[in-house]
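Asker: Below is the file input.cif, with mmCIF, C-alpha atoms.
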data_my_file
loop_
_atom_site.label_atom_id
_atom_site.label_comp_id
_atom_site.auth_asym_id
_atom_site.auth_seq_id
_atom_site.Cartn_x
_atom_site.Cartn_y
_atom_site.Cartn_z
CA MET Y 1 0.00 0.00 0.00
CA LYS Y 2 2.82 2.38 0.81
CA SER Y 3 4.42 1.75 -2.61
CA SER Y 4 1.13 2.37 -4.42
CA MET Y 5 0.70 5.71 -2.64
CA VAL Y 6 4.24 6.74 -3.64
CA SER Y 7 3.47 5.92 -7.28
CA PHE Y 8 0.17 7.82 -7.11
CA ALA Y 9 1.91 10.90 -5.69
CA ALA Y 10 4.61 10.66 -8.38
CA VAL Y 11 1.97 10.69 -11.11
CA LEU Y 12 0.31 13.75 -9.59
CA PHE Y 13 3.64 15.56 -9.35
CA ALA Y 14 4.46 14.72 -12.98
CA ALA Y 15 1.07 16.00 -14.13
CA PHE Y 16 1.56 19.32 -12.39
CA THR Y 17 4.98 19.77 -13.97
CA LEU Y 18 3.86 18.85 -17.51
CA ASN Y 19 2.11 22.21 -18.04
CA ILE Y 20 -1.07 20.51 -19.26
CA GLU Y 21 -3.05 22.75 -21.59
CA PRO Y 22 -6.84 22.48 -21.42
CA ALA Y 23 -8.66 21.69 -24.65
CA ALA Y 24 -10.99 24.20 -26.27
CA GLN Y 25 -14.60 23.83 -25.15
CA ALA Y 26 -17.62 24.39 -27.40
CA ASP Y 27 -20.87 25.72 -25.90
CA LEU Y 28 -24.14 25.08 -27.76
CA PHE Y 29 -26.84 27.70 -28.39
CA GLY Y 30 -29.85 28.32 -30.61
CA THR Y 31 -33.00 26.40 -31.48
CA SER Y 32 -34.02 23.61 -33.87
CA GLY Y 33 -32.26 24.08 -37.23
CA ASN Y 34 -30.39 27.15 -36.06
CA LYS Y 35 -28.15 25.66 -33.40
CA PHE Y 36 -24.61 27.02 -33.25
CA THR Y 37 -21.55 26.61 -31.08
CA ILE Y 38 -18.96 29.02 -29.71
CA ASP Y 39 -15.49 27.68 -28.94
CA PHE Y 40 -13.87 28.88 -25.72
CA VAL Y 41 -10.36 28.60 -24.33
CA SER Y 42 -9.61 28.65 -20.62
CA ILE Y 43 -7.64 31.57 -19.20
CA GLY Y 44 -5.97 30.33 -16.02
CA ASN Y 45 -3.10 31.71 -13.94
CA ALA Y 46 -5.49 33.57 -11.65
CA GLY Y 47 -3.95 36.41 -9.71
CA ASN Y 48 -1.34 37.32 -12.32
CA ALA Y 49 0.32 40.72 -12.04
CA ALA Y 50 -0.62 43.58 -14.34
CA ASP Y 51 1.59 44.56 -17.25
CA THR Y 52 3.63 47.78 -17.13
CA THR Y 53 0.69 49.34 -18.99
CA THR Y 54 -1.34 48.62 -15.80
CA TYR Y 55 -3.69 46.24 -17.67
CA GLY Y 56 -4.04 42.46 -17.63
CA GLU Y 57 -4.40 41.64 -13.93
CA VAL Y 58 -7.29 39.20 -13.39
CA PRO Y 59 -7.73 37.50 -9.98
CA TYR Y 60 -9.97 34.65 -11.22
CA GLU Y 61 -10.15 32.02 -13.93
CA TYR Y 62 -12.44 32.61 -16.91
CA ARG Y 63 -12.89 31.70 -20.58
CA VAL Y 64 -12.66 33.71 -23.79
CA SER Y 65 -14.03 32.75 -27.20
CA THR Y 66 -11.34 31.33 -29.44
CA TYR Y 67 -12.55 33.43 -32.37
CA GLU Y 68 -14.32 36.70 -33.01
CA ILE Y 69 -18.08 36.27 -33.33
CA SER Y 70 -18.96 35.68 -36.98
CA GLN Y 71 -21.76 37.07 -39.08
CA ASP Y 72 -23.40 33.66 -39.55
CA THR Y 73 -23.46 33.24 -35.75
CA ILE Y 74 -25.44 36.49 -35.49
CA ALA Y 75 -27.81 35.21 -38.21
CA MET Y 76 -28.44 31.92 -36.38
CA ALA Y 77 -29.00 33.71 -33.07
CA THR Y 78 -31.51 36.02 -34.79
CA ALA Y 79 -33.30 33.02 -36.31
CA SER Y 80 -33.41 31.55 -32.79
CA GLY Y 81 -35.22 34.57 -31.35
CA MET Y 82 -32.60 37.27 -30.73
CA ALA Y 83 -34.02 40.68 -31.69
CA ASN Y 84 -32.70 44.13 -32.59
CA VAL Y 85 -29.12 43.15 -33.36
CA THR Y 86 -28.27 44.22 -36.92
CA ALA Y 87 -24.62 43.42 -37.67
CA GLY Y 88 -24.08 42.93 -41.38
CA ALA Y 89 -20.96 44.49 -42.87
CA TRP Y 90 -19.62 41.07 -43.87
CA ILE Y 91 -20.94 37.58 -44.63
CA GLY Y 92 -20.60 33.96 -43.55
CA HIS Y 93 -17.61 33.23 -41.33
CA GLN Y 94 -16.29 36.77 -41.57
CA PRO Y 95 -16.60 38.75 -38.34
CA ALA Y 96 -19.83 40.40 -37.30
CA ALA Y 97 -19.27 44.15 -37.68
CA THR Y 98 -21.22 47.39 -37.97
CA ILE Y 99 -22.36 46.37 -34.52
CA THR Y 100 -22.70 48.76 -31.60
CA TRP Y 101 -21.48 47.97 -28.09
CA TYR Y 102 -25.14 47.73 -27.06
CA GLU Y 103 -25.86 45.19 -29.80
CA ALA Y 104 -22.84 43.12 -28.81
CA ALA Y 105 -24.13 43.22 -25.22
CA ALA Y 106 -27.60 42.18 -26.43
CA PHE Y 107 -26.04 39.18 -28.20
CA VAL Y 108 -24.35 38.22 -24.93
CA ASN Y 109 -27.67 38.55 -23.10
CA PHE Y 110 -29.19 36.17 -25.67
CA LEU Y 111 -26.45 33.60 -24.95
CA ASN Y 112 -27.36 33.78 -21.27
CA THR Y 113 -31.15 33.67 -21.58
CA ASN Y 114 -31.04 30.99 -24.31
CA SER Y 115 -29.10 28.86 -21.81
CA GLY Y 116 -31.48 29.57 -18.92
CA LYS Y 117 -29.06 31.94 -17.22
CA THR Y 118 -29.19 35.55 -16.01
CA ALA Y 119 -28.72 38.40 -18.50
CA ALA Y 120 -25.35 40.08 -18.11
CA TYR Y 121 -26.49 43.62 -18.98
CA ASN Y 122 -29.48 45.67 -17.89
CA LEU Y 123 -30.53 46.59 -21.45
CA THR Y 124 -33.74 48.13 -22.76
CA PHE Y 125 -34.80 48.49 -26.40
CA SER Y 126 -37.28 51.18 -27.40
CA GLY Y 127 -36.41 52.07 -30.96
CA SER Y 128 -32.76 52.04 -29.86
CA TRP Y 129 -30.76 50.37 -27.12
CA SER Y 130 -30.03 51.87 -23.71
CA MET Y 131 -28.60 50.42 -20.52
CA ALA Y 132 -28.99 51.01 -16.81
CA LEU Y 133 -26.32 50.20 -14.24
CA TRP Y 134 -26.87 47.29 -11.87
CA SER Y 135 -27.17 48.14 -8.20
CA SER Y 136 -24.18 47.47 -5.99
CA GLU Y 137 -25.95 44.36 -4.69
CA GLN Y 138 -26.58 43.05 -8.22
CA ALA Y 139 -23.21 44.01 -9.69
CA TRP Y 140 -20.23 41.78 -10.48
CA THR Y 141 -17.62 42.13 -7.72
CA ALA Y 142 -14.79 39.74 -8.65
CA GLY Y 143 -11.75 41.93 -9.14
CA GLY Y 144 -13.66 45.04 -8.04
CA THR Y 145 -17.24 46.25 -8.39
CA ASN Y 146 -18.38 46.33 -12.02
CA ARG Y 147 -21.88 47.80 -12.34
CA TYR Y 148 -22.06 47.05 -16.05
CA ARG Y 149 -22.09 43.27 -15.45
CA ASN Y 150 -24.56 41.28 -13.35
CA LYS Y 151 -23.04 39.19 -10.57
CA ASP Y 152 -24.73 36.03 -11.92
CA ALA Y 153 -23.70 36.55 -15.56
CA TYR Y 154 -22.37 33.40 -17.19
CA TYR Y 155 -21.51 34.95 -20.58
CA PHE Y 156 -20.30 38.54 -20.95
CA LEU Y 157 -18.16 40.85 -23.05
CA PRO Y 158 -14.54 40.64 -21.89
CA SER Y 159 -13.45 43.52 -19.70
CA GLU Y 160 -10.30 45.30 -20.79
CA ASN Y 161 -8.23 43.33 -18.27
CA GLU Y 162 -9.78 40.02 -19.35
CA TRP Y 163 -9.28 40.83 -23.04
CA TYR Y 164 -5.72 42.06 -22.49
CA LYS Y 165 -4.65 39.02 -20.51
CA ALA Y 166 -6.05 36.61 -23.12
CA ALA Y 167 -4.18 38.49 -25.85
CA TYR Y 168 -0.78 39.34 -24.37
CA TYR Y 169 -0.02 37.40 -21.19
CA HIS Y 170 2.62 34.67 -21.34
CA PRO Y 171 1.58 32.14 -18.68
CA ALA Y 172 4.79 30.11 -18.85
CA GLY Y 173 6.98 33.17 -18.36
CA SER Y 174 4.61 35.25 -16.21
CA ASN Y 175 5.25 38.21 -18.47
CA TYR Y 176 3.58 39.93 -21.41
CA PHE Y 177 4.21 39.98 -25.14
CA LEU Y 178 3.88 43.17 -27.17
CA TYR Y 179 1.65 41.52 -29.79
CA PRO Y 180 -1.21 39.02 -29.40
CA THR Y 181 0.63 36.41 -31.46
CA ALA Y 182 2.85 35.05 -28.64
CA SER Y 183 5.68 37.36 -29.69
CA SER Y 184 7.13 40.81 -29.14
CA SER Y 185 8.29 40.90 -32.76
CA VAL Y 186 6.15 42.54 -35.44
CA PRO Y 187 3.74 39.89 -36.81
CA ASN Y 188 3.97 38.70 -40.40
CA VAL Y 189 1.30 40.26 -42.61
CA VAL Y 190 -1.25 37.84 -44.10
CA SER Y 191 -4.66 38.28 -45.71
CA SER Y 192 -5.76 34.97 -44.12
CA GLY Y 193 -4.28 31.82 -42.64
CA THR Y 194 -3.19 30.31 -39.35
CA HIS Y 195 0.60 30.54 -39.45
CA ALA Y 196 2.27 31.29 -36.13
CA HIS Y 197 3.26 34.93 -35.50
CA SER Y 198 1.02 36.19 -38.33
CA ALA Y 199 -1.90 38.63 -38.30
CA VAL Y 200 -4.41 40.09 -40.75
CA TYR Y 201 -3.41 43.75 -41.00
CA SER Y 202 -1.97 46.20 -43.55
CA THR Y 203 -3.73 44.24 -46.31
CA ASN Y 204 -6.24 46.88 -47.47
CA VAL Y 205 -8.65 44.17 -48.58
CA ARG Y 206 -11.23 42.94 -46.06
CA PRO Y 207 -11.31 40.82 -42.89
CA ALA Y 208 -10.60 37.11 -43.08
CA ASP Y 209 -12.95 34.40 -41.83
CA VAL Y 210 -12.68 34.32 -38.06
CA ASP Y 211 -11.05 30.87 -37.98
CA ILE Y 212 -8.25 31.78 -40.43
CA ALA Y 213 -7.37 35.17 -38.96
CA GLY Y 214 -3.69 34.67 -38.12
CA GLY Y 215 -1.54 33.09 -35.45
CA LEU Y 216 -2.56 32.34 -31.89
CA SER Y 217 -1.98 34.03 -28.57
CA PRO Y 218 -0.31 32.01 -25.79
CA TYR Y 219 -3.79 31.02 -24.57
CA ARG Y 220 -4.70 30.06 -28.17
CA THR Y 221 -7.12 32.81 -29.10
CA MET Y 222 -7.10 33.95 -32.73
CA GLY Y 223 -7.51 37.39 -34.25
CA GLN Y 224 -7.01 39.57 -31.19
CA GLY Y 225 -4.57 41.50 -33.35
CA GLY Y 226 -5.89 42.66 -36.73
CA ASN Y 227 -8.90 41.44 -38.72
CA VAL Y 228 -11.39 43.73 -36.90
CA TYR Y 229 -11.17 45.87 -33.80
CA GLU Y 230 -13.04 44.41 -30.83
CA TRP Y 231 -15.33 45.98 -28.27
CA ASN Y 232 -14.25 45.56 -24.66
CA GLU Y 233 -16.84 45.71 -21.91
CA SER Y 234 -14.98 48.42 -20.00
CA ALA Y 235 -15.43 52.16 -20.04
CA PHE Y 236 -12.32 53.95 -21.31
CA ASP Y 237 -11.70 55.50 -17.87
CA GLY Y 238 -12.16 52.11 -16.21
CA SER Y 239 -14.87 53.27 -13.83
CA ASN Y 240 -17.95 51.66 -15.45
CA SER Y 241 -19.94 54.33 -13.65
CA SER Y 242 -22.01 55.70 -16.55
CA SER Y 243 -23.93 53.59 -19.06
CA SER Y 244 -23.33 56.09 -21.88
CA GLU Y 245 -19.58 56.73 -21.48
CA VAL Y 246 -17.14 55.67 -24.19
CA ARG Y 247 -15.99 52.05 -24.28
CA VAL Y 248 -12.58 50.55 -24.94
CA ILE Y 249 -11.84 49.20 -28.43
CA ARG Y 250 -8.68 47.15 -28.98
CA GLY Y 251 -6.80 45.03 -31.48
CA GLY Y 252 -6.69 46.82 -34.83
CA ASP Y 253 -8.24 45.82 -38.16
CA TRP Y 254 -7.19 44.38 -41.51
CA ALA Y 255 -5.93 47.69 -42.92
CA VAL Y 256 -4.07 49.37 -40.04
CA SER Y 257 -0.36 49.37 -39.22
CA GLN Y 258 1.23 47.10 -36.62
CA ILE Y 259 1.08 49.90 -34.05
CA GLU Y 260 -2.65 49.27 -33.57
CA LEU Y 261 -1.97 45.63 -32.66
CA ARG Y 262 0.34 46.50 -29.78
CA SER Y 263 -0.54 46.06 -26.12
CA SER Y 264 0.19 49.75 -25.59
CA THR Y 265 -2.49 50.93 -28.03
CA ARG Y 266 -6.00 51.72 -26.80
CA ASP Y 267 -8.91 53.12 -28.79
CA TYR Y 268 -12.44 54.05 -27.78
CA GLY Y 269 -15.92 54.77 -29.08
CA LEU Y 270 -19.40 55.63 -27.89
CA PRO Y 271 -21.50 52.51 -27.25
CA THR Y 272 -23.73 53.60 -30.16
CA LEU Y 273 -20.82 53.58 -32.65
CA GLU Y 274 -21.04 51.08 -35.49
CA GLU Y 275 -18.31 50.63 -38.07
CA ALA Y 276 -17.38 47.91 -40.56
CA ILE Y 277 -14.00 47.63 -38.79
CA ILE Y 278 -15.38 46.88 -35.29
CA GLY Y 279 -16.55 43.46 -34.07
CA PHE Y 280 -16.30 41.57 -30.79
CA ARG Y 281 -15.72 38.29 -28.97
CA VAL Y 282 -17.30 36.97 -25.79
CA ALA Y 283 -16.11 35.67 -22.43
CA SER Y 284 -17.53 33.35 -19.81
CA VAL Y 285 -17.03 31.94 -16.34
CA PRO Y 286 -14.85 28.81 -16.23
CA GLU Y 287 -16.13 25.33 -16.88
CA PRO Y 288 -15.22 22.49 -14.46
CA SER Y 289 -11.45 22.42 -14.51
CA THR Y 290 -9.98 20.48 -17.40
CA TYR Y 291 -6.72 20.56 -15.45
CA ALA Y 292 -8.38 18.65 -12.63
CA MET Y 293 -9.90 16.14 -15.05
CA ALA Y 294 -6.54 15.63 -16.75
CA LEU Y 295 -4.83 15.13 -13.42
CA ALA Y 296 -7.46 12.64 -12.34
CA GLY Y 297 -7.02 10.72 -15.57
CA LEU Y 298 -3.27 10.61 -15.22
CA ALA Y 299 -3.46 9.64 -11.59
CA CYS Y 300 -5.95 6.86 -12.19
CA GLY Y 301 -3.94 5.66 -15.17
CA GLY Y 302 -0.73 5.67 -13.15
CA TYR Y 303 -2.32 3.85 -10.25
CA SER Y 304 -3.85 1.29 -12.62
CA LEU Y 305 -0.45 0.61 -14.21
CA PHE Y 306 1.08 0.13 -10.77
CA ARG Y 307 -1.63 -2.37 -9.79
CA ARG Y 308 -1.10 -4.32 -13.01
CA ARG Y 309 2.64 -4.48 -12.36
CA ARG Y 310 2.00 -5.77 -8.83
CA ALA Y 311 -0.31 -8.48 -10.19
CA ARG Y 312 2.29 -9.92 -12.53
#
Do you think you could lay out the structure here as structure tokens?
Answerer:
Amino acid sequence: MKSSMVSFAAVLFAAFTLNIEPAAQADLFGTSGNKFTIDFVSIGNAGNAADTTTYGEVPYEYRVSTYEISQDTIAMATASGMANVTAGAWIGHQPAATITWYEAAAFVNFLNTNSGKTAAYNLTFSGSWSMALWSSEQAWTAGGTNRYRNKDAYYFLPSENEWYKAAYYHPAGSNYFLYPTASSSVPNVVSSGTHAHSAVYSTNVRPADVDIAGGLSPYRTMGQGGNVYEWNESAFDGSNSSSSEVRVIRGGDWAVSQIELRSSTRDYGLPTLEEAIIGFRVASVPEPSTYAMALAGLACGGYSLFRRRRAR
């Protein structure tokens, strides 16, 4: 028995030191013939320090969509009952654009309510969208009070810190890259593709499909640099104290220079702004830990091998 416990502990130690990477997870939405999935990657390393820019510190685990939300995803959500969201600059798997911050938030609310969960944002539509702040009791408090987001939200727009960490943080080195392609070197310019250290920018053509929009960040998100700018949940001043104040926009688009892809570059717009160069991605609370499941699998496998050796 003592030997088996030693082997079991050895397997656990090996698993922790192997830097196991969780697999992407796909969440299902929609109705009948209009079902669609959104792929998410897990953003771990809770409690990381902020970058020198002061952004990127997140004290909890969460998930971010692997790709920007596509136009056909908006179409399927609309066919499944989502109303008053009118993205449409592009088609098919290209990113959803000409979409206001409010419309992106309404899409997120649909993801929640379609899944039987609480809406993230206190939105009202009466010819146009508006939003009220949640009360302090109803507001999200992880990492500080955020009156834009409901405390029970399951899906939400990524805050600037959440977006920044997913794009630039290097979990193995506990530092940050300058570009969201796992590098501090200027990315290679592509019009589409998935080559490492590449991004869709300076092409003067149009955005690529969301799943061929360049190389991956360390957490394996795609397109956080180039393709289209992305709405962040956060107000530009970080206070989230007024529903109408300007919101953060990050990441650059298919036609800009590499400067717009850098971690040091921030842009902003009114939540009513809609442009063909601005899209979004979504975030979520974590699923049951894939790290824990992987460890359990390794441990059980290791213990099973030990028992078989003993039986011989």
Asker: List the residues selected by the PyMOL selection byres ((chain Y and resi 158) around 9) in the file shown, writing them as a count of residues only.
Answerer: 17
Asker: Identify which of the residues Y:Gly47, Y:Gly144, Y:Gly279, Y:Gly33 lies closest to Tyr67 in chain Y, counting only C-alpha atoms when measuring atom-to-atom distances.
Answerer: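 Closest candidate: Y:Gly279.
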Asker: Pick the closest to Val85 in chain Y from Y:Glu274, Y:Pro171, Y:Ala139, Y:Thr54: which is it, counting only C-alpha atoms?
Answerer: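 That would be Y:Glu274, the residue with the smallest distance to Val85 in chain Y.
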Asker: Just the number, please: distance in Å from CA of His197 in chain Y to CA of Arg266 in chain Y, one decimal.
Answerer: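 Computing the Euclidean distance for CA of His197 in chain Y and CA of Arg266 in chain Y yields 21.1 Å.
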Asker: State, in Å with one decimal place, the distance from CA of Pro187 in chain Y to CA of Ala167 in chain Y.
Answerer: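 So the answer is 13.6 Å.
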Asker: Have a look at Y:His93, Y:Lys35, Y:Lys165, Y:Arg250 and name the one nearest to Ile69 in chain Y; count only C-alpha atoms.
Answerer: Y:His93
Asker: CA of Ala166 in chain Y and CA of Tyr219 in chain Y, how far apart in Å?
Answerer: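 Atom-to-atom, CA of Tyr219 in chain Y to CA of Ala166 in chain Y, that is 6.2 Å.
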Asker: Could you tell me which residues the PyMOL selection byres ((chain Y and resi 71-79) around 9) returns for this structure, as a CSV table (one decimal) with C-alpha atoms, keeping the file's coordinate frame?
Answerer:
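Saved as out-v3.csv:
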chain,number,residue,atom,x,y,z
Y,29,PHE,CA,-26.8,27.7,-28.4
Y,30,GLY,CA,-29.8,28.3,-30.6
Y,31,THR,CA,-33.0,26.4,-31.5
Y,33,GLY,CA,-32.3,24.1,-37.2
Y,34,ASN,CA,-30.4,27.2,-36.1
Y,35,LYS,CA,-28.2,25.7,-33.4
Y,36,PHE,CA,-24.6,27.0,-33.2
Y,37,THR,CA,-21.6,26.6,-31.1
Y,38,ILE,CA,-19.0,29.0,-29.7
Y,69,ILE,CA,-18.1,36.3,-33.3
Y,70,SER,CA,-19.0,35.7,-37.0
Y,80,SER,CA,-33.4,31.6,-32.8
Y,81,GLY,CA,-35.2,34.6,-31.4
Y,82,MET,CA,-32.6,37.3,-30.7
Y,83,ALA,CA,-34.0,40.7,-31.7
Y,84,ASN,CA,-32.7,44.1,-32.6
Y,85,VAL,CA,-29.1,43.2,-33.4
Y,86,THR,CA,-28.3,44.2,-36.9
Y,87,ALA,CA,-24.6,43.4,-37.7
Y,88,GLY,CA,-24.1,42.9,-41.4
Y,89,ALA,CA,-21.0,44.5,-42.9
Y,90,TRP,CA,-19.6,41.1,-43.9
Y,91,ILE,CA,-20.9,37.6,-44.6
Y,92,GLY,CA,-20.6,34.0,-43.6
Y,93,HIS,CA,-17.6,33.2,-41.3
Y,94,GLN,CA,-16.3,36.8,-41.6
Y,95,PRO,CA,-16.6,38.8,-38.3
Y,96,ALA,CA,-19.8,40.4,-37.3
Y,97,ALA,CA,-19.3,44.2,-37.7
Y,107,PHE,CA,-26.0,39.2,-28.2
Y,110,PHE,CA,-29.2,36.2,-25.7
Y,111,LEU,CA,-26.4,33.6,-25.0
Asker: Would you kindly translate the PyMOL selection byres ((chain Y and resi 263) around 10) into the concrete residues it picks from this file, as a ChimeraX atom specification?
Answerer: /Y:51,53,55-56,164-165,167-169,176-180,184,225,250-251,259-262,264-266
Asker: The selected residues should be written to file as a JSON list (two decimals), keeping the file's coordinate frame (atoms: C-alpha atoms).
Answerer:
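Result file follows (again27.json):
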[["chain", "number", "residue", "atom", "x", "y", "z"],
["Y", 51, "ASP", "CA", 1.59, 44.56, -17.25],
["Y", 53, "THR", "CA", 0.69, 49.34, -18.99],
["Y", 55, "TYR", "CA", -3.69, 46.24, -17.67],
["Y", 56, "GLY", "CA", -4.04, 42.46, -17.63],
["Y", 164, "TYR", "CA", -5.72, 42.06, -22.49],
["Y", 165, "LYS", "CA", -4.65, 39.02, -20.51],
["Y", 167, "ALA", "CA", -4.18, 38.49, -25.85],
["Y", 168, "TYR", "CA", -0.78, 39.34, -24.37],
["Y", 169, "TYR", "CA", -0.02, 37.40, -21.19],
["Y", 176, "TYR", "CA", 3.58, 39.93, -21.41],
["Y", 177, "PHE", "CA", 4.21, 39.98, -25.14],
["Y", 178, "LEU", "CA", 3.88, 43.17, -27.17],
["Y", 179, "TYR", "CA", 1.65, 41.52, -29.79],
["Y", 180, "PRO", "CA", -1.21, 39.02, -29.40],
["Y", 184, "SER", "CA", 7.13, 40.81, -29.14],
["Y", 225, "GLY", "CA", -4.57, 41.50, -33.35],
["Y", 250, "ARG", "CA", -8.68, 47.15, -28.98],
["Y", 251, "GLY", "CA", -6.80, 45.03, -31.48],
["Y", 259, "ILE", "CA", 1.08, 49.90, -34.05],
["Y", 260, "GLU", "CA", -2.65, 49.27, -33.57],
["Y", 261, "LEU", "CA", -1.97, 45.63, -32.66],
["Y", 262, "ARG", "CA", 0.34, 46.50, -29.78],
["Y", 264, "SER", "CA", 0.19, 49.75, -25.59],
["Y", 265, "THR", "CA", -2.49, 50.93, -28.03],
["Y", 266, "ARG", "CA", -6.00, 51.72, -26.80]]
Asker: Rank Y:Ala196, Y:Gly44, Y:Ala105, Y:Asn146 by their smallest atom-to-atom distance to Thr181 in chain Y, using all atoms listed in the file, and report the top residue only.
Answerer: Y:Ala196
Asker: Quick one: of Y:Asp152, Y:Glu61, Y:Glu245, Y:Asp39, who's nearest to Tyr102 in chain Y, counting all atoms listed in the file?
Answerer: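 Counting all atoms listed in the file, the residue closest to Tyr102 in chain Y is Y:Glu245.
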Asker: Using only C-alpha atoms, can you tell me which of Y:Pro286, Y:Ser126, Y:Ile277, Y:Lys117 comes closest to Glu230 in chain Y?
Answerer: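 When distances to Glu230 in chain Y are compared using only C-alpha atoms, the smallest one comes from Y:Ile277.
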Asker: Do you know which residues are at most 7 Å from Phe40 in chain Y counting only C-alpha atoms, after dropping those on the same chain fewer than 2 positions away, and could you put them as a PyMOL selection string?
Answerer: chain Y and resi 24-26+38+42+63-66
Asker: For range 48-69 of chain Y, which lacks atoms in the input, supply N, CA and C atoms and format the output as a short mmCIF file (atom, residue, chain, number, x, y, z; two decimals), keeping the file's coordinate frame.
Answerer:
data_model
loop_
_atom_site.label_atom_id
_atom_site.label_comp_id
_atom_site.auth_asym_id
_atom_site.auth_seq_id
_atom_site.Cartn_x
_atom_site.Cartn_y
_atom_site.Cartn_z
N ASN Y 48 -2.54 36.81 -11.65
CA ASN Y 48 -1.34 37.32 -12.32
C ASN Y 48 -1.17 38.82 -12.10
N ALA Y 49 0.04 39.28 -12.18
CA ALA Y 49 0.32 40.72 -12.04
C ALA Y 49 -0.06 41.46 -13.31
N ALA Y 50 -0.35 42.74 -13.19
CA ALA Y 50 -0.62 43.58 -14.34
C ALA Y 50 0.65 43.81 -15.14
N ASP Y 51 0.48 44.17 -16.41
CA ASP Y 51 1.59 44.56 -17.25
C ASP Y 51 2.07 45.96 -16.83
N THR Y 52 3.15 46.42 -17.41
CA THR Y 52 3.63 47.78 -17.13
C THR Y 52 2.64 48.83 -17.63
N THR Y 53 1.74 48.44 -18.53
CA THR Y 53 0.69 49.34 -18.99
C THR Y 53 -0.42 49.50 -17.96
N THR Y 54 -0.38 48.72 -16.90
CA THR Y 54 -1.34 48.62 -15.80
C THR Y 54 -2.53 47.71 -16.12
N TYR Y 55 -2.57 47.11 -17.30
CA TYR Y 55 -3.69 46.24 -17.67
C TYR Y 55 -3.28 44.77 -17.62
N GLY Y 56 -4.28 43.90 -17.54
CA GLY Y 56 -4.04 42.46 -17.63
C GLY Y 56 -4.16 41.68 -16.35
N GLU Y 57 -4.27 42.36 -15.20
CA GLU Y 57 -4.40 41.64 -13.93
C GLU Y 57 -5.83 41.13 -13.77
N VAL Y 58 -5.97 39.81 -13.59
CA VAL Y 58 -7.29 39.20 -13.39
C VAL Y 58 -7.17 38.18 -12.25
N PRO Y 59 -7.92 38.35 -11.16
CA PRO Y 59 -7.73 37.50 -9.98
C PRO Y 59 -8.55 36.20 -9.99
N TYR Y 60 -9.13 35.84 -11.14
CA TYR Y 60 -9.97 34.65 -11.22
C TYR Y 60 -9.78 33.98 -12.58
N GLU Y 61 -10.17 32.72 -12.66
CA GLU Y 61 -10.15 32.02 -13.93
C GLU Y 61 -11.41 32.35 -14.73
N TYR Y 62 -11.30 32.31 -16.03
CA TYR Y 62 -12.44 32.61 -16.91
C TYR Y 62 -12.17 31.99 -18.27
N ARG Y 63 -13.07 32.18 -19.21
CA ARG Y 63 -12.89 31.70 -20.58
C ARG Y 63 -13.10 32.85 -21.56
N VAL Y 64 -12.47 32.75 -22.71
CA VAL Y 64 -12.66 33.71 -23.79
C VAL Y 64 -12.90 32.93 -25.09
N SER Y 65 -13.77 33.45 -25.95
CA SER Y 65 -14.03 32.75 -27.20
C SER Y 65 -12.75 32.69 -28.03
N THR Y 66 -12.52 31.54 -28.62
CA THR Y 66 -11.34 31.33 -29.44
C THR Y 66 -11.29 32.33 -30.59
N TYR Y 67 -12.46 32.58 -31.18
CA TYR Y 67 -12.55 33.43 -32.37
C TYR Y 67 -13.46 34.63 -32.12
N GLU Y 68 -13.34 35.63 -32.97
CA GLU Y 68 -14.32 36.70 -33.01
C GLU Y 68 -15.67 36.12 -33.40
N ILE Y 69 -16.75 36.73 -32.96
CA ILE Y 69 -18.08 36.27 -33.33
C ILE Y 69 -18.31 36.55 -34.81
#
